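Structure, as structure tokens:
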Amino acid sequence: MIYCPRCNHHHIVKNGSIHTGEQKYACRNCGRQFVLNPKNKPISDDQKRLINKLLLERISLAGISRVTEISGRSIQTYVNNLYAFISMIANVSTKEIRRLNVQCDEMWSFVNDKGNKVWIWLAIDVETREIIGFYAGDRSHKSAQKLWDSLPPEYRQCAVMYTDFWKAYAKVLPSKRHVAVGKETGKTNYIERFNCTLRQRVSRLVRKALSFSKKIENYIGAIWFFIHDYNAEKQCNC
């Protein structure tokens, strides 16, 4: 006799089949639909920890599915939920109110197709190497404002901001604390190096790959997920 996995009731009827052809059942008591001996079992905590590590190593979701032997659909569902609830505020170490040096830069990628460009705006603390601000949007001064708004209060209060000569920065950043510089000065080398790290570690940012994002929410979530891990590593090394 077949019993419902939710309510353990025995009033079970056949209810068609799933995409693999396996018989599907329905419980007349609670309405639960199920198959016997499902292949797609819940992802364990150990598997989740492994998936989280693989998400930080430029591996596509299809590759993670092959490594973990978990179905692509289950991986995608797990990642969707992971990114949907991720914090979009940078977790940075406590700073004293004093002069802080920050480097800012922007780089482009795309979502869904190369015609849909998305610009990533980032700010890094020169001393601690922590990412203190992030925004994804277009390349206008409105996005520069969003980057500025994402910075912790102590940085907006007293940080000196080093950027390239993109005009959007001058419209937003306080003029007395904004310094536009060329690459030859080395004043933006840390944030430029981080941009390279992002492209090497986050598969969705690799331009000539098939692991790009189709949803802007997952695109942003993947970057925040990496930033949180990156900052945690920097804080542990302090």
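Note on naming: chains are A, B, ... as they come in the structure tokens, residues start from 1 per chain, ligands start from 1 in the order shown.
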With a distance cut-off of 12 Å and only C-alpha atoms, select the neighbouring residues of Trp119 in chain A, excluding the residue or stretch itself and same-chain residues fewer than 4 positions from it, and output the selection as a short mmCIF file (atom, residue, chain, number, x, y, z; two decimals) with N, CA and C atoms, in the first residue's frame.
```cif
data_model
loop_
_atom_site.label_atom_id
_atom_site.label_comp_id
_atom_site.auth_asym_id
_atom_site.auth_seq_id
_atom_site.Cartn_x
_atom_site.Cartn_y
_atom_site.Cartn_z
N ASP A 105 35.56 52.45 -9.71
CA ASP A 105 35.69 52.15 -11.12
C ASP A 105 34.40 51.49 -11.59
N GLU A 106 34.24 51.42 -12.89
CA GLU A 106 33.06 50.77 -13.47
C GLU A 106 33.51 49.87 -14.60
N MET A 107 32.81 48.77 -14.80
CA MET A 107 33.10 47.87 -15.92
C MET A 107 31.79 47.32 -16.46
N TRP A 108 31.81 46.88 -17.70
CA TRP A 108 30.57 46.44 -18.31
C TRP A 108 30.49 44.93 -18.44
N SER A 109 29.28 44.45 -18.44
CA SER A 109 28.98 43.06 -18.75
C SER A 109 27.60 43.08 -19.41
N PHE A 110 26.91 41.96 -19.42
CA PHE A 110 25.58 41.95 -20.01
C PHE A 110 24.69 40.92 -19.34
N VAL A 111 23.40 41.09 -19.52
CA VAL A 111 22.41 40.15 -19.00
C VAL A 111 21.54 39.70 -20.16
N PHE A 134 28.65 48.91 -4.14
CA PHE A 134 28.39 48.22 -5.41
C PHE A 134 27.02 48.63 -5.93
N TYR A 135 26.96 48.84 -7.24
CA TYR A 135 25.67 49.07 -7.91
C TYR A 135 25.79 48.58 -9.34
N ALA A 136 24.71 48.02 -9.86
CA ALA A 136 24.66 47.56 -11.25
C ALA A 136 23.56 48.32 -11.98
N GLY A 137 23.91 48.97 -13.07
CA GLY A 137 22.92 49.73 -13.84
C GLY A 137 23.53 50.20 -15.15
N ASP A 138 23.14 51.41 -15.56
CA ASP A 138 23.73 51.98 -16.78
C ASP A 138 24.98 52.78 -16.40
N ARG A 139 25.47 53.62 -17.32
CA ARG A 139 26.70 54.35 -17.05
C ARG A 139 26.44 55.85 -16.81
N SER A 140 25.23 56.17 -16.41
CA SER A 140 24.86 57.56 -16.21
C SER A 140 25.22 58.04 -14.80
N HIS A 141 25.04 59.35 -14.57
CA HIS A 141 25.31 59.90 -13.25
C HIS A 141 24.33 59.36 -12.20
N LYS A 142 23.17 58.87 -12.64
CA LYS A 142 22.22 58.29 -11.70
C LYS A 142 22.79 57.02 -11.07
N SER A 143 23.51 56.24 -11.85
CA SER A 143 24.16 55.03 -11.31
C SER A 143 25.32 55.42 -10.41
N ALA A 144 26.05 56.48 -10.78
CA ALA A 144 27.13 56.96 -9.91
C ALA A 144 26.55 57.39 -8.56
N LEU A 147 25.92 54.32 -6.50
CA LEU A 147 27.16 53.83 -5.90
C LEU A 147 27.49 54.65 -4.66
N ASN A 195 38.40 44.21 -10.40
CA ASN A 195 37.59 43.95 -11.59
C ASN A 195 38.07 42.70 -12.32
N LEU A 205 30.31 36.82 -15.50
CA LEU A 205 30.97 38.01 -16.02
C LEU A 205 31.99 37.69 -17.11
N ILE A 216 18.38 39.67 -14.25
CA ILE A 216 19.19 40.67 -13.59
C ILE A 216 19.29 40.40 -12.10
N TYR A 219 22.03 37.92 -11.58
CA TYR A 219 23.28 38.59 -11.94
C TYR A 219 23.79 39.41 -10.75
N ILE A 220 22.92 40.23 -10.19
CA ILE A 220 23.30 41.06 -9.04
C ILE A 220 23.57 40.19 -7.82
#
```
At most 12 Å is the cut-off: for each residue in range 18-87 of chain A with any atom that close to an atom of range 1-12 of chain A, write down the nearest atom pair and the distance in Å rounded to one decimal, counting only C-alpha atoms, chain first then increasing number, as JSON lines.
```
{"residue": "A:Lys24", "atom": "CA", "partner": "A:Ile12", "partner_atom": "CA", "distance": 10.3}
{"residue": "A:Tyr25", "atom": "CA", "partner": "A:Ile12", "partner_atom": "CA", "distance": 6.6}
{"residue": "A:Ala26", "atom": "CA", "partner": "A:Ile12", "partner_atom": "CA", "distance": 5.8}
{"residue": "A:Cys27", "atom": "CA", "partner": "A:Ile12", "partner_atom": "CA", "distance": 4.7}
{"residue": "A:Arg28", "atom": "CA", "partner": "A:His11", "partner_atom": "CA", "distance": 5.7}
{"residue": "A:Asn29", "atom": "CA", "partner": "A:His9", "partner_atom": "CA", "distance": 6.7}
{"residue": "A:Cys30", "atom": "CA", "partner": "A:Cys7", "partner_atom": "CA", "distance": 6.9}
{"residue": "A:Gly31", "atom": "CA", "partner": "A:Cys4", "partner_atom": "CA", "distance": 9.3}
{"residue": "A:Arg32", "atom": "CA", "partner": "A:Arg6", "partner_atom": "CA", "distance": 7.0}
{"residue": "A:Gln33", "atom": "CA", "partner": "A:Cys4", "partner_atom": "CA", "distance": 8.6}
{"residue": "A:Phe34", "atom": "CA", "partner": "A:Pro5", "partner_atom": "CA", "distance": 8.0}
{"residue": "A:Val35", "atom": "CA", "partner": "A:Pro5", "partner_atom": "CA", "distance": 9.7}
{"residue": "A:Leu36", "atom": "CA", "partner": "A:Ile2", "partner_atom": "CA", "distance": 8.7}
{"residue": "A:Asn37", "atom": "CA", "partner": "A:Pro5", "partner_atom": "CA", "distance": 10.8}
{"residue": "A:Pro38", "atom": "CA", "partner": "A:Pro5", "partner_atom": "CA", "distance": 11.4}
```
Run DSSP on the backbone and give me the residues of range 22-187 of chain A it puts in helix (DSSP H, G or I), as a PyMOL selection string.
-> chain A and resi 45-54+61-68+72-84+141-150+153-158+167-172+175-177+183-185
Can you write out the residues you just picked, keeping C-alpha atoms, as a PDB file, in the first residue's frame?
```pdb
ATOM      1  CA  ASP A  45      23.659  20.873   4.108  1.00  0.00           C
ATOM      2  CA  ASP A  46      26.998  19.381   3.019  1.00  0.00           C
ATOM      3  CA  GLN A  47      25.957  19.639  -0.628  1.00  0.00           C
ATOM      4  CA  LYS A  48      24.870  23.248  -0.099  1.00  0.00           C
ATOM      5  CA  ARG A  49      28.283  24.114   1.333  1.00  0.00           C
ATOM      6  CA  LEU A  50      29.942  22.518  -1.697  1.00  0.00           C
ATOM      7  CA  ILE A  51      27.656  24.350  -4.114  1.00  0.00           C
ATOM      8  CA  ASN A  52      28.426  27.652  -2.375  1.00  0.00           C
ATOM      9  CA  LYS A  53      32.155  27.074  -2.827  1.00  0.00           C
ATOM     10  CA  LEU A  54      31.735  26.136  -6.487  1.00  0.00           C
ATOM     11  CA  LEU A  61      25.498  25.941 -13.015  1.00  0.00           C
ATOM     12  CA  ALA A  62      25.609  23.088 -15.531  1.00  0.00           C
ATOM     13  CA  GLY A  63      29.169  22.325 -14.386  1.00  0.00           C
ATOM     14  CA  ILE A  64      28.123  22.406 -10.730  1.00  0.00           C
ATOM     15  CA  SER A  65      25.320  19.993 -11.580  1.00  0.00           C
ATOM     16  CA  ARG A  66      27.821  17.567 -13.138  1.00  0.00           C
ATOM     17  CA  VAL A  67      30.261  17.826 -10.219  1.00  0.00           C
ATOM     18  CA  THR A  68      27.652  17.375  -7.479  1.00  0.00           C
ATOM     19  CA  GLY A  72      20.240  21.194 -13.016  1.00  0.00           C
ATOM     20  CA  ARG A  73      16.692  22.115 -12.042  1.00  0.00           C
ATOM     21  CA  SER A  74      17.435  21.572  -8.345  1.00  0.00           C
ATOM     22  CA  ILE A  75      20.673  23.564  -8.601  1.00  0.00           C
ATOM     23  CA  GLN A  76      18.864  26.438 -10.312  1.00  0.00           C
ATOM     24  CA  THR A  77      16.119  26.468  -7.681  1.00  0.00           C
ATOM     25  CA  TYR A  78      18.673  26.496  -4.870  1.00  0.00           C
ATOM     26  CA  VAL A  79      20.639  29.341  -6.478  1.00  0.00           C
ATOM     27  CA  ASN A  80      17.481  31.372  -7.128  1.00  0.00           C
ATOM     28  CA  ASN A  81      16.546  31.132  -3.454  1.00  0.00           C
ATOM     29  CA  LEU A  82      20.114  31.860  -2.325  1.00  0.00           C
ATOM     30  CA  TYR A  83      20.355  35.054  -4.366  1.00  0.00           C
ATOM     31  CA  ALA A  84      16.796  36.190  -3.626  1.00  0.00           C
ATOM     32  CA  HIS A 141      25.314  59.897 -13.247  1.00  0.00           C
ATOM     33  CA  LYS A 142      22.215  58.290 -11.696  1.00  0.00           C
ATOM     34  CA  SER A 143      24.157  55.034 -11.314  1.00  0.00           C
ATOM     35  CA  ALA A 144      27.126  56.965  -9.909  1.00  0.00           C
ATOM     36  CA  GLN A 145      24.705  58.385  -7.339  1.00  0.00           C
ATOM     37  CA  LYS A 146      23.540  54.870  -6.461  1.00  0.00           C
ATOM     38  CA  LEU A 147      27.158  53.834  -5.898  1.00  0.00           C
ATOM     39  CA  TRP A 148      27.677  56.843  -3.634  1.00  0.00           C
ATOM     40  CA  ASP A 149      24.474  56.011  -1.728  1.00  0.00           C
ATOM     41  CA  SER A 150      25.684  52.420  -1.200  1.00  0.00           C
ATOM     42  CA  PRO A 153      28.160  56.694   6.252  1.00  0.00           C
ATOM     43  CA  GLU A 154      31.746  57.118   7.479  1.00  0.00           C
ATOM     44  CA  TYR A 155      33.000  56.977   3.895  1.00  0.00           C
ATOM     45  CA  ARG A 156      30.472  59.480   2.610  1.00  0.00           C
ATOM     46  CA  GLN A 157      31.529  61.737   5.466  1.00  0.00           C
ATOM     47  CA  CYS A 158      35.316  61.795   5.131  1.00  0.00           C
ATOM     48  CA  LYS A 167      32.119  62.666 -16.135  1.00  0.00           C
ATOM     49  CA  ALA A 168      29.394  60.996 -14.062  1.00  0.00           C
ATOM     50  CA  TYR A 169      31.656  60.951 -10.996  1.00  0.00           C
ATOM     51  CA  ALA A 170      32.174  64.717 -11.032  1.00  0.00           C
ATOM     52  CA  LYS A 171      28.403  65.264 -10.995  1.00  0.00           C
ATOM     53  CA  VAL A 172      27.917  63.189  -7.847  1.00  0.00           C
ATOM     54  CA  SER A 175      34.276  68.169  -5.372  1.00  0.00           C
ATOM     55  CA  LYS A 176      36.684  68.770  -2.468  1.00  0.00           C
ATOM     56  CA  ARG A 177      37.142  65.025  -1.942  1.00  0.00           C
ATOM     57  CA  LYS A 183      45.834  54.737 -14.823  1.00  0.00           C
ATOM     58  CA  GLU A 184      49.493  55.714 -14.942  1.00  0.00           C
ATOM     59  CA  THR A 185      49.234  57.199 -11.431  1.00  0.00           C
TER      60      THR A 185
END
```
Can you list, as an NGL selection string, every protein, DNA or RNA residue that comes within 9 Å of Ile191 in chain A when you count only C-alpha atoms, leaving out same-chain residues fewer than 3 positions away?
-> :A and (103-105 or 122-126 or 129 or 131 or 188 or 194-196)
Distance of CA of Val160 in chain A from CA of Leu100 in chain A, expressed in Å to one decimal place = 6.2 Å
So which one's closest to Trp121 in chain A, A:Thr20, A:Ile223, A:Thr94, A:Phe212? Using only C-alpha atoms, please.
-> A:Ile223
One-decimal distance in Å that lies between CA of Tyr162 in chain A and CA of Ile132 in chain A =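 The value is 13.8 Å.
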